[in-house]
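Participant: One structure, pasted below without further comment.
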Amino acid sequence: MTSLPALPTAKKLGLVIDLDVCVGCHACVVNCKEWNTGGYGAALSDQKPYGADVSGAWLNRVHSFEVVPEGGEVVGEAGEARIVHFPKSCLHCEDAPCVTVCPTGASYKRAEDGIVLVDEEKCIGCGLCAWSCPYGAREMDLAAGVMKKCTLCIDRIYNETIEEVDRQPACVRTCPANARHFGDLGDPSSVVSVMVAERGGIDLMPEQGTRPVNKYLPPRPRTSLAACASQMAKGEDTSGATGFFAWLDGMLDRI
């Protein structure tokens with residue numbers, strides 16, 4: 001079996017995902033697939049890319065949940081309904097069970113930055129790591145016969161041949177809502193660590209004891225539609241308007 005680093009890694013590279021602003025557009029999913037298929041890494045195969053029974057390897061997925069407001073049995077019964085989009089990939093756990101269960105040493109956690117990787121030369125495709133992962137973050141590539149997973153785009157973040165602005169995971173670089181952030185969560189002063197501290201970032205399924213490096217920022221409380229409607233009903237006081245704005249206000253009142 002494979003061992004984790006003897007000491008906790010000082011550097012903990014990972015993602016912080018803001019569930020408050022993720023719009024579920026799947027741009028991160030598509031760009032992850034594109035980079036890992038056409039970039040520097042080994043290609044992710046598709047067996048049935050079209051049709052009803054789609055089959056292929058994807059390292060990042062987005063799940064969407066309809067949230068039942070507190071006090072209601074169905075959405076919209078008590079309070080305002082909302083949809084939460086939940087992106088999920090490997091969380092690069094500090095106590096990664098996928099590493100310790102691997103019989104060949106193919107799965108390992110890097111001591112220098114905490115990233116969990118798979119050595120495809122050693123992987124025998126037994127699937128033990130997938131069964132041990134509580135997050136379902138491992139993907140068997142049926143064409144290659146090996147297990148694949150999120151690498152935090154290690155071939156991008158350390159690649160000095162590309163522009164510095166692009167030296168971050170493909171999913172982070174492509175997010176149009178700025179919901180995904182990358183950095184060192186082992187450094188309390190890093191941007192991502194400050195984000196987690198200020199917003200109360202949480203672990204996914206902490207009861208599993210895996211201590212994931214990736215964190216999620218919970219959705220902020222919403223202002224109810226009723227409260228918004230009451231504010232809109234008050235309207236804007238334009239009694240003090242003069243000149244052009246007074247004329248414009250009068251014209252708009254006639255419409």
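Ordering of the structure tokens sets the chain letters (A, B, ...), residue numbers begin anew at 1 in every chain, and ligands are numbered from 1 in the order given.
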Any idea what's packed within 10 Å of Pro103 of chain A, counting only C-alpha atoms, ignoring anything in its chain fewer than 3 positions away? Could you give it as a CSV table (one decimal) with N, CA and C atoms, in the first residue's frame?
Facilitator:
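This is the output file part-v5.csv:
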```csv
chain,number,residue,atom,x,y,z
A,1,MET,N,0.8,-1.2,0.0
A,1,MET,CA,0.0,0.0,0.0
A,1,MET,C,0.9,1.3,0.0
A,2,THR,N,0.3,2.4,-0.4
A,2,THR,CA,1.0,3.6,-0.5
A,2,THR,C,0.9,4.4,0.8
A,99,VAL,N,-5.1,7.2,-1.6
A,99,VAL,CA,-3.7,6.9,-1.7
A,99,VAL,C,-3.3,5.7,-0.9
A,100,THR,N,-3.8,5.6,0.4
A,100,THR,CA,-3.4,4.5,1.3
A,100,THR,C,-3.9,3.2,0.8
A,106,ALA,N,0.5,3.7,-7.3
A,106,ALA,CA,0.2,4.6,-8.4
A,106,ALA,C,-0.4,5.9,-7.9
A,107,SER,N,-1.3,5.8,-6.9
A,107,SER,CA,-1.9,7.0,-6.3
A,107,SER,C,-0.9,7.5,-5.2
A,122,LYS,N,2.1,3.0,-13.2
A,122,LYS,CA,2.0,2.0,-12.1
A,122,LYS,C,0.5,1.6,-11.9
A,123,CYS,N,-0.4,2.3,-12.5
A,123,CYS,CA,-1.9,2.0,-12.2
A,123,CYS,C,-2.3,0.7,-13.0
A,124,ILE,N,-2.9,-0.2,-12.3
A,124,ILE,CA,-3.4,-1.4,-12.9
A,124,ILE,C,-4.9,-1.4,-13.1
A,126,CYS,N,-7.4,-1.3,-11.0
A,126,CYS,CA,-8.1,-2.2,-10.0
A,126,CYS,C,-9.4,-1.5,-9.5
A,128,LEU,N,-9.7,0.3,-6.7
A,128,LEU,CA,-9.8,0.4,-5.3
A,128,LEU,C,-9.8,1.9,-4.8
A,129,CYS,N,-9.1,2.7,-5.5
A,129,CYS,CA,-9.1,4.1,-5.1
A,129,CYS,C,-10.5,4.8,-5.3
```
Participant: Based on the backbone DSSP call, show me all residues of segment 110-251 of chain A assigned helix (DSSP H, G or I), as a count of residues only.
Facilitator: 48
Participant: Which residues are close to segment 18-26 of chain A, i.e. within 6 Å by only C-alpha atoms, leaving aside same-chain residues fewer than 4 positions away? Reply as a list in words.
Facilitator: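 What passes the distance filter is His85, Ala179, Tyr216, Leu217, Pro218 and Pro219 of chain A.
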Participant: For atom CA of Trp58 of chain A and atom CA of Ile162 of chain A, determine how far apart the two atoms are, in Å to one decimal place.
Facilitator: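 Separation of atom CA of Trp58 of chain A and atom CA of Ile162 of chain A: 24.2 Å.
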Participant: Give me, please, the distance in Å between atom CA of Asn214 of chain A and atom CA of Lys12 of chain A, quoted to one decimal.
Facilitator: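 A separation of 9.2 Å between them.
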Participant: Atom CA of Glu198 of chain A and atom CA of Gly14 of chain A are how many Å apart?
Facilitator: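 Separation of atom CA of Glu198 of chain A and atom CA of Gly14 of chain A: 17.4 Å.
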Participant: Hey, which of A:Thr9, A:Asp119, A:Tyr135, A:Val16 ends up closest to Asn178 of chain A? Count only C-alpha atoms.
Facilitator: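 Answer, going by the shortest atom-to-atom distance: A:Val16.
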Participant: Return the single residue from A:Arg138, A:Lys48, A:Arg61, A:Lys215 that is closest to Leu13 of chain A, with distances computed using only C-alpha atoms.
Facilitator: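 Ranking A:Arg138, A:Lys48, A:Arg61, A:Lys215 by distance to Leu13 of chain A, first place goes to A:Lys215.
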Participant: Which of these, A:Leu4, A:Leu59, A:Ala96, A:Met251, has the shortest distance to Ser45 of chain A once you count only C-alpha atoms?
Facilitator: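 Nearest candidate to Ser45 of chain A out of A:Leu4, A:Leu59, A:Ala96, A:Met251: A:Leu59.
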Participant: So, with only C-alpha atoms as the atoms that count, which of A:Gln47, A:Asn31, A:Ser3, A:Gln208 lies closest to Pro176 of chain A?
Facilitator: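 Smallest separation from Pro176 of chain A among the options: A:Asn31.
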Participant: Excluding Val172 of chain A and its own-chain neighbours fewer than 6 positions away, which residues fall within 9 Å of it when counting only C-alpha atoms? Please give them as number ranges by chain.
Facilitator: A: 15, 28, 178-182
Participant: Can you list every residue in segment 45-251 of chain A that DSSP puts in strand (DSSP E or B), as a count of residues only?
Facilitator: 40
Participant: Can you pull out the residues contacting Cys93 of chain A? Cut-off 10 Å, using only C-alpha atoms, and skip same-chain residues under 2 positions away; I want them as a list in words.
Facilitator: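 The filter keeps Lys12, Gly14, Cys90, Leu91, Asp95, Ala96, Pro97, Cys98, Val99, Lys109, Gly114, Ile115, Val116, Cys133, Gly209, Thr210, Arg211, Pro212, Val213 and Asn214 of chain A.
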Participant: Take the residues from that selection and put them in a file with all heavy atoms, as a compact mmCIF listing (two decimals), in the first residue's frame.
Facilitator:
```txt
# COMPACT_ATOMS: atom_id res chain seq x y z
N LYS A 12 -0.28 23.75 0.62
CA LYS A 12 -1.50 22.99 0.33
C LYS A 12 -2.23 23.68 -0.82
O LYS A 12 -3.11 24.52 -0.60
CB LYS A 12 -2.40 22.92 1.56
CG LYS A 12 -1.73 22.36 2.80
CD LYS A 12 -2.70 22.29 3.97
CE LYS A 12 -1.99 22.07 5.29
NZ LYS A 12 -1.14 20.88 5.33
N GLY A 14 -4.86 24.18 -3.61
CA GLY A 14 -6.22 23.69 -3.76
C GLY A 14 -7.15 24.77 -4.29
O GLY A 14 -6.73 25.88 -4.64
N CYS A 90 -11.68 16.19 -7.55
CA CYS A 90 -10.83 15.71 -6.45
C CYS A 90 -10.55 16.86 -5.49
O CYS A 90 -10.26 17.97 -5.91
CB CYS A 90 -9.52 15.16 -7.00
SG CYS A 90 -8.33 14.71 -5.72
N LEU A 91 -10.63 16.57 -4.18
CA LEU A 91 -10.42 17.60 -3.17
C LEU A 91 -9.02 17.57 -2.57
O LEU A 91 -8.72 18.29 -1.64
CB LEU A 91 -11.48 17.46 -2.06
CG LEU A 91 -12.88 17.91 -2.47
CD1 LEU A 91 -13.67 16.76 -3.09
CD2 LEU A 91 -13.65 18.47 -1.29
N ASP A 95 -5.73 13.48 4.37
CA ASP A 95 -5.75 12.06 4.71
C ASP A 95 -6.48 11.32 3.60
O ASP A 95 -7.58 10.81 3.79
CB ASP A 95 -6.46 11.84 6.06
CG ASP A 95 -5.65 12.41 7.22
OD1 ASP A 95 -4.42 12.39 7.14
OD2 ASP A 95 -6.26 12.87 8.20
N ALA A 96 -5.85 11.27 2.45
CA ALA A 96 -6.51 10.74 1.25
C ALA A 96 -6.60 9.22 1.29
O ALA A 96 -5.57 8.54 1.17
CB ALA A 96 -5.73 11.18 0.01
N PRO A 97 -7.79 8.65 1.43
CA PRO A 97 -7.93 7.19 1.45
C PRO A 97 -7.60 6.54 0.12
O PRO A 97 -7.20 5.38 0.07
CB PRO A 97 -9.40 6.98 1.83
CG PRO A 97 -10.09 8.22 1.40
CD PRO A 97 -9.10 9.33 1.61
N CYS A 98 -7.73 7.29 -0.97
CA CYS A 98 -7.41 6.76 -2.29
C CYS A 98 -5.92 6.45 -2.41
O CYS A 98 -5.52 5.58 -3.20
CB CYS A 98 -7.84 7.74 -3.37
SG CYS A 98 -7.06 9.37 -3.23
N VAL A 99 -5.10 7.16 -1.64
CA VAL A 99 -3.66 6.93 -1.67
C VAL A 99 -3.29 5.70 -0.85
O VAL A 99 -2.58 4.80 -1.32
CB VAL A 99 -2.91 8.17 -1.14
CG1 VAL A 99 -1.43 7.86 -0.94
CG2 VAL A 99 -3.07 9.35 -2.10
N LYS A 109 0.49 11.33 -2.87
CA LYS A 109 0.31 12.74 -2.52
C LYS A 109 1.69 13.39 -2.46
O LYS A 109 2.58 12.93 -1.74
CB LYS A 109 -0.39 12.87 -1.17
CG LYS A 109 -0.75 14.31 -0.79
CD LYS A 109 -1.57 14.33 0.49
CE LYS A 109 -1.94 15.75 0.91
NZ LYS A 109 -2.91 16.36 -0.02
N GLY A 114 1.17 19.07 -1.81
CA GLY A 114 -0.06 18.42 -1.35
C GLY A 114 -0.98 17.93 -2.44
O GLY A 114 -2.07 17.44 -2.15
N ILE A 115 -0.58 18.04 -3.71
CA ILE A 115 -1.45 17.60 -4.80
C ILE A 115 -1.45 16.07 -4.86
O ILE A 115 -0.42 15.43 -4.75
CB ILE A 115 -0.97 18.17 -6.15
CG1 ILE A 115 -1.02 19.71 -6.13
CG2 ILE A 115 -1.81 17.64 -7.31
CD1 ILE A 115 -0.50 20.36 -7.39
N VAL A 116 -2.65 15.50 -5.02
CA VAL A 116 -2.80 14.05 -5.16
C VAL A 116 -2.82 13.70 -6.65
O VAL A 116 -3.59 14.28 -7.42
CB VAL A 116 -4.10 13.55 -4.49
CG1 VAL A 116 -4.28 12.06 -4.72
CG2 VAL A 116 -4.07 13.85 -2.99
N CYS A 133 -12.86 6.49 -2.31
CA CYS A 133 -13.09 7.94 -2.33
C CYS A 133 -14.53 8.25 -1.97
O CYS A 133 -15.45 7.85 -2.71
CB CYS A 133 -12.75 8.52 -3.70
SG CYS A 133 -13.14 10.29 -3.85
N GLY A 209 -13.60 12.42 7.70
CA GLY A 209 -12.28 12.50 8.28
C GLY A 209 -11.13 12.56 7.29
O GLY A 209 -9.98 12.28 7.64
N THR A 210 -11.42 12.92 6.04
CA THR A 210 -10.37 12.96 5.01
C THR A 210 -9.62 14.29 4.98
O THR A 210 -8.60 14.41 4.33
CB THR A 210 -10.97 12.70 3.63
OG1 THR A 210 -11.95 13.73 3.35
CG2 THR A 210 -11.65 11.34 3.56
N ARG A 211 -10.17 15.30 5.63
CA ARG A 211 -9.57 16.65 5.68
C ARG A 211 -9.26 17.18 4.27
O ARG A 211 -8.10 17.39 3.92
CB ARG A 211 -8.33 16.66 6.55
CG ARG A 211 -8.60 16.33 8.00
CD ARG A 211 -7.41 16.66 8.89
NE ARG A 211 -6.26 15.86 8.53
CZ ARG A 211 -5.00 16.24 8.75
NH1 ARG A 211 -4.75 17.40 9.30
NH2 ARG A 211 -4.00 15.44 8.41
N PRO A 212 -10.29 17.41 3.48
CA PRO A 212 -10.06 17.91 2.11
C PRO A 212 -9.41 19.29 2.13
O PRO A 212 -9.73 20.13 2.97
CB PRO A 212 -11.46 17.95 1.51
CG PRO A 212 -12.38 18.02 2.69
CD PRO A 212 -11.72 17.25 3.78
N VAL A 213 -8.51 19.51 1.18
CA VAL A 213 -7.87 20.81 1.05
C VAL A 213 -8.83 21.81 0.41
O VAL A 213 -8.94 22.96 0.84
CB VAL A 213 -6.57 20.71 0.22
CG1 VAL A 213 -6.00 22.09 -0.09
CG2 VAL A 213 -5.54 19.87 0.98
N ASN A 214 -9.55 21.39 -0.62
CA ASN A 214 -10.51 22.26 -1.28
C ASN A 214 -11.60 22.69 -0.30
O ASN A 214 -12.06 21.87 0.50
CB ASN A 214 -11.17 21.57 -2.47
CG ASN A 214 -10.23 21.40 -3.65
OD1 ASN A 214 -9.04 21.67 -3.55
ND2 ASN A 214 -10.77 20.95 -4.77
```
Participant: If we count only C-alpha atoms, what is near Arg156 of chain A at a cut-off of 9 Å, once residues fewer than 5 positions away on the same chain are taken out, given as a PyMOL selection string?
Facilitator: chain A and resi 40+162+166-170
Participant: Using only C-alpha atoms for the distances, tell me which of A:Asp113, A:Asp249, A:Glu139, A:Glu160 is nearest to Gly183 of chain A.
Facilitator: A:Asp113
